[in-house]
Number of protein chains: 2
Amino acid sequence: MFFKKNKKEINKIKEAEVFSNKKPKSLKPLSGFLDLSPDDQVIFSNLKNAILESFELAGFAPFDIPVVEKKSVLLANAGGDTAKEIYEINRGDKELALRFDLTIPLAKYIANNYKTIHFPFKRYQIDKVFRGERAQKGRYREFYQCDVDIIGNETLSIKSDAEVIKIVNETFSSLKLADFKIKINNKKILGGFLSNLDLNSGTTEADILRLIDKCEKITVEEFEKLLSEKNLSESQINQIIDFINISNEENNLSNENILGALANLEIENEEFLEGLNDMNKLINILKTFNLPEKNYSIDLKIARGFDYYTGTVFETFFNEYKEFGSICSGGRYDNLTSVYSDKVICPGVGASIGLTRLFSQLKEANMLENFNKSSIDLMVLPLTENLEPVFNTVDTLRKNKLKVEIFLEEKSLKKKLNYANKKNVKYVLFIGEDEISNNFFKLKDMISGEEFELNSDELIKFLLKDKVEPRA
Amino acid sequence: MFFKKNKKEINKIKEAEVFSNKKPKSLKPLSGFLDLSPDDQVIFSNLKNAILESFELAGFAPFDIPVVEKKSVLLANAGGDTAKEIYEINRGDKELALRFDLTIPLAKYIANNYKTIHFPFKRYQIDKVFRGERAQKGRYREFYQCDVDIIGNETLSIKSDAEVIKIVNETFSSLKLADFKIKINNKKILGGFLSNLDLNSGTTEADILRLIDKCEKITVEEFEKLLSEKNLSESQINQIIDFINISNEENNLSNENILGALANLEIENEEFLEGLNDMNKLINILKTFNLPEKNYSIDLKIARGFDYYTGTVFETFFNEYKEFGSICSGGRYDNLTSVYSDKVICPGVGASIGLTRLFSQLKEANMLENFNKSSIDLMVLPLTENLEPVFNTVDTLRKNKLKVEIFLEEKSLKKKLNYANKKNVKYVLFIGEDEISNNFFKLKDMISGEEFELNSDELIKFLLKDKVEPRA
């Protein structure tokens with residue numbers, strides 16, 4: 001039954017001329033490009049699929065756009081760093097490049113397909129993007145982003161902000177990696193507050209926002225020093241520190257108390273009041289969206305780097321692993337397509353997970369130990385050469401949507417079990433002549449070592465029950 | 001509840017300065033790059049996921065490798081056309097490029113990770129590849145390939161050839177697009193036969209194989225003429241035509257009869273006999289693998305263009321849509337990694353579907369009319385502002401793995417139903433105050449127009465039953 005290659009034949013193959021002599025000097029993985037071990041490939045994929053499932057269960061539609069785009073399209077709205085980091089393609093006279101995020105191509109797509117899109121447009125995309133940054137730990141040049149966005153046509157309810165925050169909650173709840181918290185702010189609250197401070201000329205709100213965005217990583221003294229370098233008076237500095245301290249975890253204020261404290265500041269700035277009003281609505285809506293309150297809170301320090309956020313902004317942190325930084329960020333933007341179209345007004349709200357980085361952090365912190373490590377539900381080991389009845393059983397299991405690998409090479413039982421073990425399979429099913437004639441199968445739980453004797457109906461029920469355990 | 005933007009505000013946004021003035025001249029999709037309408041995005045994704053599901057149910061593991069690779073690695077084994085069509089990347093001093101298939105990077109990966117791979121290595125990859133071919137109808141520059149391969153360590157049972165053919169059968173059976181047939185040959189049968197013909201010097205077997213590969217597209221007379229141009233005698237030409245005609249559909253021979261006819265030729269060529277022996281085994285094994293016999297047959301004209309196939313080769317055709325060409329091809333190769341490693345001998349067998357091309361063909365032939373056009377199982381339309389109990393129901397449905405979109409914008413019921421209709425949703429669920437207090441929900445089948453009144457348990461059972469209908 002085998003291509004039984006003897007040594008002579010193997011040598012023949014080894015010596016055979018290959019089609020070219022251009023054997024590359026090095027097969028080393030490219031720096032900054034993820035090159036996982038076979039076992040990690042499966043875990044990564046299970047993590048990616050779990051996120052994908054959360055996005056799909058939330059009713060978002062899959063979306064797919066070219067990896068390659070015109071450079072002028074990609075860079076239409078981009079600053080200097082992005083232009084420097086873009087991967088250009090050498091091909092003919094068109095200037096092409098690889099996408100560096102999933103938002104810009106979405107904006108172009110909406111501007112182009114505006115008339116055939118059904119709004120609100122709820123789409124997700126889990127896909128690779130490319131940035132030629134300096135390769136360093138935790139930084140990748142080719143990496144996955146997991147994006148969800150809701151795009152409206154001229155208007156979009158603030159309920160959509162809540163819906164995106166809910167998806168983030170559902171996603172990380174179902175992953176069961178660690179306790180987390182979604183920290184929410186509104187750019188108008190921070191912006192209105194700063195504008196009300198009357199900053200000295202030469203200092204912009206953006207300068208201060210950038211400092212606030214980083215303030216958790218430094219001491220109060222360092223933060224004060226950086227602020228004073230921006231020509232802020234002692235009174236202004238104190239106001240800023242008092243302001244962001246309202247939501248300090250040590251104060252242990254509820255979201256309602258924080259909102260009350262903000263109202264009590266009696267800041268008569270239109271932007272501030274608009275932001276406060278939106279945040280009030282958002283917090284009220286979130287209460288009706290079935291999220292555990294421990295999973296989200298207002299944090300006035302969240303300033304999100306990107307200029308294009310205009311309202312709600314949020315970041316997500318593991319409670320016990322602050323060093324990860326934000327594991328999922330997002331927010332509201334007033335008009336996604338403005339750079340591509342003067343006619344189309346599309347407010348949107350979205351969230352993004354940097355999956356490649358998250359995976360490498362989780363792995364390093366040993367947080368994937370309890371994660372599903374197998375790509376299949378069951379490994380079938382035939383104990384007979386009579387494969388027809390074996391495949392009858394296998395096909396019935398597969399029709400019930402069970403992922404079933406069958407081991408077909410001629411190896412010893414020990415080697416077969418060894419293979420199943422290495423592939424981290426939970427269940428192994430033995431099918432021999434006896435099992436077939438008696439309709440009684442031996443199922444082995446490879447983790448507990450338990451063995452079960454089941455007929456084919458019981459087998460299906462057993463495996464399906466184990467598979468579709470309810471989500472958290 | 002809304003960001004109620006009045007005209008003045010909208011104009012403010014329209015007039016707002018965008019971050020740059022580099023608005024691109026054209027937003028037209030790039031020629032040769034798939035840019036689907038929003039509705040087609042969903043159908044394409046459902047098609048892709050159905051193929052993916054078949055690969056996963058067959059127990060194959062997901063596999064993911066960088067899009068970007070060193071040019072020297074990609075082109076180590078490639079001829080002139082490939083080198084011309086490759087997309088090079090402009091970046092630093094490393095010569096990089098985009099992968100043009102999924103096989104070469106797999107070969108490199110195996111050569112690199114040989115020691116940590118569990119053999120037989122059964123992996124699938126559904127991913128994009130890039131070829132700078134002249135853009136024309138049905139040809140894409142960025143397109144999806146759906147690959148399954150089984151890679152052995154030094155040996156690989158011919159049962160693996162049967163397993164790959166079975167996956168092709170399961171995949172196209174579950175897609176239910178049209179009747180199809182997998183046409184199987186063995187390169188050694190053709191090669192041994194031709195070598196036995198004593199071709200004149202100056203004519204290679206590869207020359208004749210190339211003509212045989214194309215012979216279905218031309219008349220017998222044209223075929224004879226092309227053969228005679230290769231310096232073949234009339235006797236040799238007749239022998240070739242008689243040979244490939246053995247498996248002619250009009251002869252209506254069973255696979256066993258074809259194998260008998262080949263044996264009766266009494267060709268005493270080692271390669272031929274080896275091929276015939278392998279084919280005999282393969283056909284016998286396939287009978288025990290639970291495939292309908294109408295779905296596969298021996299076809300001696302199948303010659304597969306690629307040089308690297310060494311044994312079993314196959315192509316797949318829709319019976320009534322021959323003009324599609326082969327919709328899934330593959331075969332056995334003796335040593336995948338030879339170009340990268342002298343030490344590692346990895347025989348493999350695989351199959352590949354060119355998904356982007358197939359999708360465009362199916363769409364043009366209106367063969368996707370009955371295909372699932374929705375990305376969700378259910379659309380929930382709340383008839384109340386009291387969202388907490390609505391989300392209780394929604395979350396219960398989602399926990400049961402149902403994809404549930406909830407419509408949250410403030411629109412008229414007519415507009416909400418219109419949205420559901422446009423999104424091709426099969427079921428719409430209305431949840432208002434009455435439904436909540438009575439635990440009785442109205443479910444509307446948007447296709448038949450039928451309405452069902454169900455309590456929450458019945459609802460879940462009803463929707464799950466509709467969803468997990470058994471595969472073909």
# chains A, B, ... in the order shown; residues from 1 in each chain; ligands from 1
call {"tool": "select_by_dssp", "arguments": {"residues": "stretch 91-265 of chain A", "states": "strand (DSSP E or B)", "output": "PyMOL selection string"}}
result
chain A and resi 96-98+121-130+142-151+153+155+180-186
call {"tool": "closest_residue", "arguments": {"among": "B:Lys137, B:Arg91, B:Arg357, B:Arg131", "to": "chain A", "atoms": "only C-alpha atoms"}}
result
B:Arg91
call {"tool": "select_by_dssp", "arguments": {"residues": "stretch 344-422 of chain B", "states": "alpha helix (DSSP H)", "output": "ChimeraX atom specification"}}
result
/B:355-364,387-399,413-422
call {"tool": "closest_residue", "arguments": {"among": "A:Gln136, A:Thr155, A:Asn200, A:Asn290", "to": "B:Asp395", "atoms": "only C-alpha atoms"}}
result
A:Asn290
call {"tool": "residues_around", "arguments": {"residues": "stretch 333-350 of chain A", "least_positions_apart": "3", "cutoff": "7 Å", "atoms": "only C-alpha atoms", "output": "ChimeraX atom specification"}}
result
/A:76-77,107-108,111,148-156,160-161,164,308-311,330 /B:14,18,23
call {"tool": "closest_residue", "arguments": {"among": "B:Asp213, B:Glu435, B:Glu69, B:Glu450", "to": "chain A", "atoms": "only C-alpha atoms"}}
result
B:Glu69
call {"tool": "closest_residue", "arguments": {"among": "A:Asp466, A:Glu385, A:Asp207, A:Glu56", "to": "A:Glu410", "atoms": "only C-alpha atoms"}}
result
A:Glu385
call {"tool": "residues_around", "arguments": {"residues": "A:Tyr109", "least_positions_apart": "2", "cutoff": "10 Å", "atoms": "only C-alpha atoms", "output": "list in words"}}
result
Ile65, Thr103, Ile104, Pro105, Leu106, Ala107, Ala111, Asn112, Asn113, Tyr114, Ile117, Thr337 and Tyr340 of chain A; Leu27, Lys28, Pro29, Asp35, Leu36, Ser37 and Pro38 of chain B
call {"tool": "closest_residue", "arguments": {"among": "A:Ser233, A:Asn251, A:Ser26, A:Ser456", "to": "chain B", "atoms": "only C-alpha atoms"}}
result
A:Ser26
call {"tool": "residues_around", "arguments": {"residues": "A:Ser254", "least_positions_apart": "5", "cutoff": "12 Å", "atoms": "only C-alpha atoms", "output": "PyMOL selection string"}}
result
chain A and resi 246-249+259-261+283+293-294+296-299
call {"tool": "write_last_selection", "arguments": {"atoms": "N, CA and C atoms", "output": "tab-separated table (two decimals), in the first residue's frame"}}
result
chain	number	residue	atom	x	y	z
A	246	ILE	N	-10.05	62.75	38.46
A	246	ILE	CA	-11.45	62.44	38.82
A	246	ILE	C	-11.75	60.96	38.62
A	247	SER	N	-11.22	60.42	37.50
A	247	SER	CA	-11.54	59.02	37.18
A	247	SER	C	-10.47	58.05	37.68
A	248	ASN	N	-9.55	58.58	38.50
A	248	ASN	CA	-8.50	57.73	39.06
A	248	ASN	C	-9.12	56.51	39.77
A	249	GLU	N	-8.58	55.35	39.47
A	249	GLU	CA	-9.14	54.13	40.06
A	249	GLU	C	-9.18	54.17	41.58
A	259	LEU	N	-19.42	61.23	36.09
A	259	LEU	CA	-20.20	62.14	35.26
A	259	LEU	C	-20.72	63.31	36.11
A	260	GLY	N	-21.12	63.00	37.34
A	260	GLY	CA	-21.59	64.06	38.24
A	260	GLY	C	-20.48	65.04	38.56
A	261	ALA	N	-19.30	64.50	38.84
A	261	ALA	CA	-18.16	65.36	39.17
A	261	ALA	C	-17.80	66.26	37.99
A	283	ILE	N	-23.22	55.93	28.65
A	283	ILE	CA	-23.21	55.14	29.89
A	283	ILE	C	-24.60	54.59	30.20
A	293	GLU	N	-20.84	45.47	34.60
A	293	GLU	CA	-20.30	46.83	34.84
A	293	GLU	C	-18.82	46.81	35.20
A	294	LYS	N	-18.36	45.68	35.74
A	294	LYS	CA	-16.93	45.61	36.09
A	294	LYS	C	-16.03	45.65	34.85
A	296	TYR	N	-16.21	47.76	32.22
A	296	TYR	CA	-15.97	49.04	31.56
A	296	TYR	C	-16.04	50.19	32.56
A	297	SER	N	-15.34	51.25	32.28
A	297	SER	CA	-15.41	52.43	33.15
A	297	SER	C	-14.91	53.66	32.40
A	298	ILE	N	-15.34	54.80	32.87
A	298	ILE	CA	-14.87	56.06	32.31
A	298	ILE	C	-13.44	56.29	32.78
A	299	ASP	N	-12.57	56.69	31.87
A	299	ASP	CA	-11.19	57.03	32.23
A	299	ASP	C	-10.81	58.29	31.46
call {"tool": "closest_residue", "arguments": {"among": "B:Phe121, B:Tyr321, B:Phe100, B:Tyr144", "to": "B:Leu34", "atoms": "only C-alpha atoms"}}
result
B:Tyr144
call {"tool": "atom_distance", "arguments": {"atom1": "atom CA of A:Pro62", "atom2": "atom CA of A:Asn49"}}
result
12.8 Å
call {"tool": "residues_around", "arguments": {"residues": "A:Asp434", "least_positions_apart": "4", "cutoff": "10 Å", "atoms": "only C-alpha atoms", "output": "list in words"}}
result
Leu383, Thr384, Asn438, Asn439, Phe440 and Phe441 of chain A
call {"tool": "residues_around", "arguments": {"residues": "B:Leu52", "least_positions_apart": "3", "cutoff": "9 Å", "atoms": "only C-alpha atoms", "output": "MDAnalysis selection string"}}
result
chainID B and resid 47:49 55:57 124:126 146 171
call {"tool": "write_last_selection", "arguments": {"atoms": "C-alpha atoms", "output": "tab-separated table (two decimals), in the first residue's frame"}}
result
chain	number	residue	atom	x	y	z
B	47	LEU	CA	-18.33	30.35	-0.71
B	48	LYS	CA	-14.87	30.67	0.79
B	49	ASN	CA	-16.12	29.60	4.22
B	55	PHE	CA	-11.12	21.29	4.65
B	56	GLU	CA	-11.52	21.59	8.42
B	57	LEU	CA	-14.08	18.80	8.75
B	124	TYR	CA	-4.82	23.73	4.30
B	125	GLN	CA	-4.39	27.36	3.38
B	126	ILE	CA	-6.96	29.65	1.79
B	146	CYS	CA	-7.53	27.16	-1.64
B	171	THR	CA	-15.99	20.04	-1.00
